[in-house]
Amino acid sequence: MFRQEIPRIDSKRRANFDPKRRQFAPEAHTLVEYPHRLNLYDSPPTSEITLEQFEQWAIDRLRILAELETCSFRNKTQTETITHLEPLLRKYLPLSSNSSSSSARPAERQKDHYSHFILRLAFSRTEDLRRRFAKLETSLFRMRFMQDDSRERASFVESLNLEWEAVGEEERAVLAKELIAAGGGYREDARWFKVEWERVPELVESRRVFLKGGKAYVPVREQLSLVVAEFSSQLERGLELTSRALPRLDEDDRLTPILNHLSTHFSTPAFASSTSSDALASSAISAATIPAIAQHFPLCMKHLQTTLATTHHLKHFGRLQYTLFLKGIGLSLDDAIQFWRQSFSSITDDRFNKDYRYNVRHAYGDVGGDANRRGRGYSPFSCQKILIEHHPNTGDAHGCPYRHFSVDNLTSLLQATGVTDRDVLKEVREDVGKSRYHIACNKVFEHTHKAEIKRAKDEEGWGAAELDTIVHPNTYFKRSYLLKNFGQAKAEEGPGDAMEIEGGN
Ligand code: SF4
């Protein structure tokens with residue numbers, strides 16, 4: 001598919017390139033076999049996949065990495081993280097063991113291999129992206145390593161041929177006292193390895209190894225740390241190499257936009273765009289019920305609704321953000337026009353029809369040319385789009401309050417919407433200070449739906465697939481509405497239906 005070193009083809013060579021010769025040239029692509037579930041990703045894939053697979057596989061992996069990062073931001077323990085991620089991994093990045101009889105096993109391993117390398121390309125652009133990607137991939141590898149069948153794990157480690165220097169019997173006897181002191185339950189017959197101390201920083205930091213002459217003496221039971229350290233250092237080297245080769249990739253105008261798109265979405269919340277599954281089939285959504293159901297809106301939309309109700313007006317981007325959100329929750333075009341007409345109560349019918357009606361119809365795809373998504377209109381904005389595009393100016397009400405409000409104004413707004421818990425407000429301030437806007441929003445959601453979430457988990461078996469991190473205002477609304485109107489929950493939201501992924505809006 002692509003090589004670590006991407007060959008440069010200058011314009012002269014390109015002009016002389018003979019398609020006939022190329023047609024009869026030997027096939028350079030080879031099919032990779034995957035004897036193990038785990039992969040150190042030391043060689044890039046070379047066979048072809050479609051552009052759709054290229055993008056979708058990367059998005060699926062990105063979703064897992066984003067959830068892993070969220071778990072770490074939220075200080076979840078390793079066990080909590082595994083419990084949270086298991087259903088998502090089953091859905092988006094399954095990886096069956098050799099003992100499984102699943103016929104999907106080769107395809108799963110291929111997807112895992114390719115998606116890793118695609119994201120490598122996307123995230124090797126900057127130091128920050130490389131660091132985050134390496135950290136998250138290492139966590140994913142560690143999780144999988146720990147969960148692997150012990151026989152398969154041993155066979156995988158053996159296949160790596162890692163150059164760990166075994167500590168000989170004689171040396172072990174000489175250092176017995178030190179090894180016992182460092183390694184706790186030392187046994188005479190246990191195997192030990194010597195490695196450069198920089199390769200096992202975790203063990204050094206937690207004083208679980210003996211250090212001498214720049215080497216760390218590692219007992220075999222700490223194999224996990226050794227393999228993870230190997231994974232991490234290989235990946236860091238690989239990312240460096242990829243970053244140097246990247247300028248040459250800019251020749252490919254099919255891949256570059258996809259890769260840019262992926263890396264942009266890693267900077268702010270994960271991928272998501274609203275789909276028809278975010279609209280409720282319920283008749284509760286109409287022009288008349290919007291003010292009442294606004295209790296289920298995320299802070300950005302609550303703020304737009306409050307501003308609209310008090311000033312009877314919203315500026316352009318506020319109207320656009322709110323119209324598309326309302327469309328996404330299931331408000332029909334007729335109801336939307338009625339809603340905006342009633343809300344703009346200080347202007348005449350003529351002025352409304354002349355200045356505003358067309359825009360509502362355009363957002364719904366009722367008018368407008370090809371650019372208007374072939375009659376479907378525009379998709380509701382995701383958090384990512386709201387966070388980074390159309391920065392609000394004075395007098396604007398659009399945007400995300402977690403990002404665009406001062407901390408004092410954000411606190412007041414939250415308090416006005418009933419969030420008064422000091423600990424929650426403190427955590428929100430901390431998250432906002434670290435630019436984790438969507439994490440703050442998710443914390444507020446969990447706080448304000450604490451009882452309902454508990455009940456959904458206890459009585460209906462909701463898990464991570466239904467309660468994954470919210471990265472779209474329409475998902476926020478739908479989940480809130482279904483949790484509070486619990487009877488409809490299962491009928492309207494099947495497992496994993498909470499958020500569908502598309503290219504991103
Ligand atoms: Fe709205 Fe997303 Fe900001 Fe929450 S994080 S307030 S849903 S834009």
# chains A, B, ... in the order shown; residues from 1 in each chain; ligands from 1
>>> closest_atom_pairs(of="chain A", to="ligand 1", cutoff="9 Å", atoms="only C-alpha atoms and all ligand atoms", output="CSV")
residue,atom,partner,partner_atom_place_in_ligand_line,distance
A:Pro269,CA,ligand 1,5 (S),8.5
A:Phe297,CA,ligand 1,7 (S),8.2
A:Pro298,CA,ligand 1,7 (S),5.0
A:Leu299,CA,ligand 1,6 (S),4.5
A:Cys300,CA,ligand 1,6 (S),4.2
A:Met301,CA,ligand 1,1 (Fe),6.6
A:Lys302,CA,ligand 1,6 (S),8.7
A:Phe381,CA,ligand 1,8 (S),8.4
A:Ser382,CA,ligand 1,2 (Fe),6.8
A:Cys383,CA,ligand 1,2 (Fe),3.9
A:Gln384,CA,ligand 1,8 (S),7.3
A:Lys385,CA,ligand 1,8 (S),8.1
A:Ile386,CA,ligand 1,8 (S),5.4
A:Leu387,CA,ligand 1,8 (S),6.2
A:Gly399,CA,ligand 1,8 (S),6.6
A:Cys400,CA,ligand 1,3 (Fe),4.1
A:Pro401,CA,ligand 1,6 (S),5.9
A:Tyr402,CA,ligand 1,3 (Fe),5.8
A:Arg403,CA,ligand 1,3 (Fe),7.1
A:Arg436,CA,ligand 1,5 (S),8.9
A:Tyr437,CA,ligand 1,5 (S),5.6
A:His438,CA,ligand 1,5 (S),4.0
A:Ile439,CA,ligand 1,5 (S),7.4
A:Ala440,CA,ligand 1,5 (S),7.4
A:Cys441,CA,ligand 1,4 (Fe),4.7
A:Asn442,CA,ligand 1,4 (Fe),7.2
A:Val444,CA,ligand 1,4 (Fe),8.9
A:Phe445,CA,ligand 1,4 (Fe),8.8
A:Ile470,CA,ligand 1,7 (S),7.4
A:Val471,CA,ligand 1,2 (Fe),5.9
A:His472,CA,ligand 1,7 (S),5.5
A:Pro473,CA,ligand 1,7 (S),3.8
A:Asn474,CA,ligand 1,7 (S),7.6
A:Thr475,CA,ligand 1,7 (S),8.2
A:Tyr476,CA,ligand 1,7 (S),6.3
A:Phe477,CA,ligand 1,7 (S),8.6
>>> residues_around(residues="Leu88 (chain A)", least_positions_apart="2", cutoff="9 Å", atoms="only C-alpha atoms", output="list in words")
Arg63, Ile64, Glu67, His84, Leu85, Glu86, Arg90, Lys91, Tyr92, Leu93, Pro94, Ala464, Ala465, Asp468 and Gly496 of chain A
>>> write_last_selection(atoms="all heavy atoms", output="compact mmCIF listing (two decimals), in the first residue's frame")
# COMPACT_ATOMS: atom_id res chain seq x y z
N ARG A 63 -11.28 6.18 16.58
CA ARG A 63 -12.32 6.20 17.61
C ARG A 63 -11.83 5.48 18.89
O ARG A 63 -12.03 5.95 20.00
CB ARG A 63 -13.58 5.49 17.09
CG ARG A 63 -14.69 5.40 18.10
CD ARG A 63 -15.77 4.52 17.58
NE ARG A 63 -16.59 5.19 16.60
CZ ARG A 63 -17.71 5.85 16.91
NH1 ARG A 63 -18.11 5.91 18.14
NH2 ARG A 63 -18.42 6.42 15.97
N ILE A 64 -11.15 4.36 18.67
CA ILE A 64 -10.63 3.61 19.82
C ILE A 64 -9.56 4.44 20.55
O ILE A 64 -9.57 4.56 21.77
CB ILE A 64 -10.02 2.26 19.35
CG1 ILE A 64 -11.11 1.38 18.74
CG2 ILE A 64 -9.31 1.54 20.50
CD1 ILE A 64 -12.19 0.92 19.68
N GLU A 67 -11.11 7.20 22.56
CA GLU A 67 -11.72 6.73 23.82
C GLU A 67 -10.64 6.42 24.85
O GLU A 67 -10.81 6.68 26.03
CB GLU A 67 -12.56 5.47 23.57
CG GLU A 67 -13.91 5.74 22.94
CD GLU A 67 -14.86 6.58 23.81
OE1 GLU A 67 -14.80 6.48 25.04
OE2 GLU A 67 -15.65 7.36 23.25
N HIS A 84 -14.42 -0.40 29.77
CA HIS A 84 -15.04 0.60 28.90
C HIS A 84 -14.77 0.30 27.42
O HIS A 84 -15.64 0.45 26.57
CB HIS A 84 -14.48 1.98 29.28
CG HIS A 84 -15.05 3.10 28.45
ND1 HIS A 84 -16.33 3.57 28.65
CD2 HIS A 84 -14.54 3.81 27.42
CE1 HIS A 84 -16.58 4.53 27.77
NE2 HIS A 84 -15.50 4.69 27.02
N LEU A 85 -13.55 -0.13 27.15
CA LEU A 85 -13.16 -0.26 25.74
C LEU A 85 -13.56 -1.58 25.09
O LEU A 85 -13.69 -1.66 23.87
CB LEU A 85 -11.66 -0.08 25.59
CG LEU A 85 -11.21 1.36 25.48
CD1 LEU A 85 -9.71 1.43 25.40
CD2 LEU A 85 -11.78 2.04 24.23
N GLU A 86 -13.75 -2.61 25.92
CA GLU A 86 -13.99 -3.94 25.34
C GLU A 86 -15.10 -3.96 24.29
O GLU A 86 -14.89 -4.42 23.17
CB GLU A 86 -14.29 -4.95 26.45
CG GLU A 86 -13.07 -5.83 26.70
CD GLU A 86 -13.26 -6.74 27.89
OE1 GLU A 86 -14.34 -6.73 28.49
OE2 GLU A 86 -12.30 -7.46 28.19
N ARG A 90 -14.64 -4.62 20.25
CA ARG A 90 -15.37 -5.69 19.54
C ARG A 90 -16.07 -5.13 18.30
O ARG A 90 -16.14 -5.75 17.27
CB ARG A 90 -16.42 -6.33 20.46
CG ARG A 90 -15.89 -7.55 21.22
CD ARG A 90 -17.03 -8.40 21.73
NE ARG A 90 -17.95 -7.69 22.58
CZ ARG A 90 -17.76 -7.44 23.87
NH1 ARG A 90 -16.68 -7.89 24.46
NH2 ARG A 90 -18.64 -6.78 24.58
N LYS A 91 -16.58 -3.90 18.45
CA LYS A 91 -17.34 -3.33 17.34
C LYS A 91 -16.45 -2.73 16.25
O LYS A 91 -16.70 -2.93 15.07
CB LYS A 91 -18.27 -2.24 17.91
CG LYS A 91 -19.19 -1.64 16.86
CD LYS A 91 -20.24 -0.77 17.50
CE LYS A 91 -21.09 -0.11 16.44
NZ LYS A 91 -22.04 0.83 16.99
N TYR A 92 -15.41 -2.01 16.65
CA TYR A 92 -14.66 -1.25 15.65
C TYR A 92 -13.31 -1.85 15.26
O TYR A 92 -12.81 -1.58 14.18
CB TYR A 92 -14.44 0.19 16.14
CG TYR A 92 -15.73 0.93 16.31
CD1 TYR A 92 -16.22 1.21 17.57
CD2 TYR A 92 -16.49 1.29 15.20
CE1 TYR A 92 -17.43 1.87 17.74
CE2 TYR A 92 -17.70 1.94 15.36
CZ TYR A 92 -18.16 2.22 16.63
OH TYR A 92 -19.37 2.85 16.78
N LEU A 93 -12.70 -2.59 16.20
CA LEU A 93 -11.37 -3.09 15.89
C LEU A 93 -11.19 -4.48 16.51
O LEU A 93 -10.30 -4.69 17.34
CB LEU A 93 -10.32 -2.11 16.45
CG LEU A 93 -8.99 -2.00 15.74
CD1 LEU A 93 -9.15 -1.67 14.27
CD2 LEU A 93 -8.12 -0.96 16.43
N PRO A 94 -12.04 -5.44 16.13
CA PRO A 94 -11.95 -6.76 16.76
C PRO A 94 -10.65 -7.44 16.35
O PRO A 94 -10.11 -7.16 15.28
CB PRO A 94 -13.16 -7.51 16.20
CG PRO A 94 -13.48 -6.82 14.93
CD PRO A 94 -13.05 -5.38 15.08
N ALA A 464 -20.58 0.62 27.52
CA ALA A 464 -19.77 1.63 26.82
C ALA A 464 -20.31 1.95 25.43
O ALA A 464 -20.18 3.07 24.96
CB ALA A 464 -18.34 1.14 26.71
N ALA A 465 -20.93 0.96 24.77
CA ALA A 465 -21.40 1.23 23.41
C ALA A 465 -22.51 2.27 23.41
O ALA A 465 -22.63 3.06 22.48
CB ALA A 465 -21.89 -0.06 22.76
N ASP A 468 -20.70 5.89 25.30
CA ASP A 468 -19.34 6.34 24.97
C ASP A 468 -19.27 7.87 24.98
O ASP A 468 -20.28 8.55 25.14
CB ASP A 468 -18.88 5.75 23.61
CG ASP A 468 -19.85 6.07 22.50
OD1 ASP A 468 -20.86 6.71 22.78
OD2 ASP A 468 -19.60 5.69 21.35
N GLY A 496 -25.04 0.55 20.58
CA GLY A 496 -24.08 1.09 19.62
C GLY A 496 -24.67 2.08 18.65
O GLY A 496 -23.98 2.62 17.81
>>> atom_distance(atom1="CA of Leu136 (chain A)", atom2="CA of Pro106 (chain A)")
23.8 Å
>>> residues_around(residues="Leu333 (chain A)", least_positions_apart="4", cutoff="12 Å", atoms="only C-alpha atoms", output="JSON, numbers by chain")
{"A": [285, 286, 287, 323, 324, 326, 327, 328, 329, 337, 338, 339, 340, 357, 358, 359, 360, 361, 362, 363, 364, 365, 366, 367, 376, 377]}
>>> closest_residue(among="A:Thr50, A:Glu55, A:Glu137, A:Ser97", to="Tyr34 (chain A)", atoms="only C-alpha atoms")
A:Ser97
>>> atom_distance(atom1="CA of Asn260 (chain A)", atom2="CA of Glu69 (chain A)")
20.0 Å
>>> residues_around(residues="Ala182 (chain A)", least_positions_apart="3", cutoff="10 Å", atoms="only C-alpha atoms", output="ChimeraX atom specification")
/A:176-179,185-186,207-211,217-219
>>> residues_around(residues="Trp164 (chain A)", least_positions_apart="2", cutoff="10 Å", atoms="only C-alpha atoms", output="list in words")
Asn161, Leu162, Ala166, Val167, Trp192, Phe193, Lys194, Val195, Glu196, Val218 and Leu226 of chain A
>>> write_last_selection(atoms="all heavy atoms", output="mmCIF file, in the first residue's frame")
data_model
loop_
_atom_site.group_PDB
_atom_site.id
_atom_site.type_symbol
_atom_site.label_atom_id
_atom_site.label_comp_id
_atom_site.auth_asym_id
_atom_site.auth_seq_id
_atom_site.Cartn_x
_atom_site.Cartn_y
_atom_site.Cartn_z
ATOM 1 N N ASN A 161 12.342 -12.120 18.380
ATOM 2 C CA ASN A 161 13.815 -12.196 18.394
ATOM 3 C C ASN A 161 14.433 -10.940 18.979
ATOM 4 O O ASN A 161 15.329 -10.335 18.379
ATOM 5 C CB ASN A 161 14.365 -12.397 16.975
ATOM 6 C CG ASN A 161 14.014 -13.761 16.461
ATOM 7 O OD1 ASN A 161 14.016 -14.720 17.239
ATOM 8 N ND2 ASN A 161 13.655 -13.850 15.188
ATOM 9 N N LEU A 162 13.931 -10.518 20.098
ATOM 10 C CA LEU A 162 14.447 -9.285 20.693
ATOM 11 C C LEU A 162 15.808 -9.551 21.328
ATOM 12 O O LEU A 162 16.030 -10.609 21.908
ATOM 13 C CB LEU A 162 13.462 -8.768 21.748
ATOM 14 C CG LEU A 162 12.102 -8.397 21.175
ATOM 15 C CD1 LEU A 162 11.137 -8.071 22.276
ATOM 16 C CD2 LEU A 162 12.211 -7.232 20.208
ATOM 17 N N ALA A 166 20.683 -12.314 28.119
ATOM 18 C CA ALA A 166 20.356 -13.122 29.305
ATOM 19 C C ALA A 166 21.473 -12.968 30.343
ATOM 20 O O ALA A 166 22.649 -12.876 29.991
ATOM 21 C CB ALA A 166 20.197 -14.569 28.907
ATOM 22 N N VAL A 167 21.090 -12.916 31.624
ATOM 23 C CA VAL A 167 22.088 -12.825 32.690
ATOM 24 C C VAL A 167 22.552 -14.252 33.003
ATOM 25 O O VAL A 167 21.724 -15.117 33.348
ATOM 26 C CB VAL A 167 21.487 -12.164 33.952
ATOM 27 C CG1 VAL A 167 22.524 -12.056 35.061
ATOM 28 C CG2 VAL A 167 20.936 -10.792 33.607
ATOM 29 N N TRP A 192 16.719 -13.861 34.100
ATOM 30 C CA TRP A 192 16.855 -12.397 34.130
ATOM 31 C C TRP A 192 17.464 -11.936 32.825
ATOM 32 O O TRP A 192 18.220 -12.673 32.195
ATOM 33 C CB TRP A 192 17.783 -11.982 35.296
ATOM 34 C CG TRP A 192 17.176 -12.201 36.648
ATOM 35 C CD1 TRP A 192 16.978 -13.394 37.250
ATOM 36 C CD2 TRP A 192 16.678 -11.197 37.531
ATOM 37 N NE1 TRP A 192 16.384 -13.219 38.469
ATOM 38 C CE2 TRP A 192 16.183 -11.870 38.674
ATOM 39 C CE3 TRP A 192 16.592 -9.815 37.491
ATOM 40 C CZ2 TRP A 192 15.625 -11.201 39.746
ATOM 41 C CZ3 TRP A 192 16.047 -9.143 38.569
ATOM 42 C CH2 TRP A 192 15.561 -9.828 39.675
ATOM 43 N N PHE A 193 17.123 -10.705 32.466
ATOM 44 C CA PHE A 193 17.693 -10.131 31.247
ATOM 45 C C PHE A 193 18.346 -8.797 31.576
ATOM 46 O O PHE A 193 17.943 -8.112 32.517
ATOM 47 C CB PHE A 193 16.582 -9.872 30.218
ATOM 48 C CG PHE A 193 15.905 -11.121 29.757
ATOM 49 C CD1 PHE A 193 14.693 -11.500 30.311
ATOM 50 C CD2 PHE A 193 16.477 -11.910 28.785
ATOM 51 C CE1 PHE A 193 14.060 -12.654 29.892
ATOM 52 C CE2 PHE A 193 15.846 -13.070 28.358
ATOM 53 C CZ PHE A 193 14.626 -13.439 28.914
ATOM 54 N N LYS A 194 19.364 -8.455 30.738
ATOM 55 C CA LYS A 194 20.005 -7.138 30.873
ATOM 56 C C LYS A 194 19.608 -6.300 29.669
ATOM 57 O O LYS A 194 19.743 -6.766 28.534
ATOM 58 C CB LYS A 194 21.529 -7.307 30.821
ATOM 59 C CG LYS A 194 22.193 -7.561 32.133
ATOM 60 C CD LYS A 194 23.690 -7.401 32.006
ATOM 61 C CE LYS A 194 24.382 -8.628 31.450
ATOM 62 N NZ LYS A 194 25.843 -8.596 31.585
ATOM 63 N N VAL A 195 19.131 -5.088 29.909
ATOM 64 C CA VAL A 195 18.831 -4.181 28.785
ATOM 65 C C VAL A 195 19.300 -2.774 29.165
ATOM 66 O O VAL A 195 19.497 -2.478 30.346
ATOM 67 C CB VAL A 195 17.315 -4.116 28.461
ATOM 68 C CG1 VAL A 195 16.809 -5.412 27.915
ATOM 69 C CG2 VAL A 195 16.511 -3.691 29.679
ATOM 70 N N GLU A 196 19.474 -1.907 28.149
ATOM 71 C CA GLU A 196 19.808 -0.504 28.440
ATOM 72 C C GLU A 196 18.698 0.053 29.328
ATOM 73 O O GLU A 196 17.518 -0.157 29.030
ATOM 74 C CB GLU A 196 19.860 0.313 27.146
ATOM 75 C CG GLU A 196 20.924 -0.099 26.144
ATOM 76 C CD GLU A 196 22.333 0.090 26.669
ATOM 77 O OE1 GLU A 196 22.529 1.012 27.486
ATOM 78 O OE2 GLU A 196 23.214 -0.700 26.303
ATOM 79 N N VAL A 218 16.374 -7.140 34.468
ATOM 80 C CA VAL A 218 14.921 -7.289 34.481
ATOM 81 C C VAL A 218 14.524 -8.762 34.649
ATOM 82 O O VAL A 218 14.962 -9.609 33.851
ATOM 83 C CB VAL A 218 14.316 -6.766 33.152
ATOM 84 C CG1 VAL A 218 12.802 -6.776 33.208
ATOM 85 C CG2 VAL A 218 14.832 -5.379 32.830
ATOM 86 N N LEU A 226 9.155 -5.034 29.146
ATOM 87 C CA LEU A 226 10.185 -5.102 28.115
ATOM 88 C C LEU A 226 9.576 -5.038 26.716
ATOM 89 O O LEU A 226 10.041 -4.294 25.858
ATOM 90 C CB LEU A 226 10.970 -6.411 28.254
ATOM 91 C CG LEU A 226 12.031 -6.450 29.337
ATOM 92 C CD1 LEU A 226 12.606 -7.851 29.450
ATOM 93 C CD2 LEU A 226 13.144 -5.475 29.000
#
>>> atom_distance(atom1="CA of Leu68 (chain A)", atom2="CA of Glu108 (chain A)")
19.7 Å
>>> select_by_dssp(residues="region 50-296 of chain A", states="helix (DSSP H, G or I)", output="PyMOL selection string")
chain A and resi 51-73+78-92+105-122+127-147+150-159+169-174+176-183+197-199+201-205+220-249+255-267+276-278+287-296
>>> closest_residue(among="A:Val432, A:Leu483, A:Ile290, A:Leu320", to="Arg455 (chain A)", atoms="only C-alpha atoms")
A:Leu483
>>> closest_residue(among="A:Leu95, A:Ile49, A:Ile82, A:Leu482", to="Tyr114 (chain A)", atoms="only C-alpha atoms")
A:Ile49
>>> closest_residue(among="A:Ala66, A:Ala181, A:Cys71, A:Leu119", to="His261 (chain A)", atoms="only C-alpha atoms")
A:Leu119
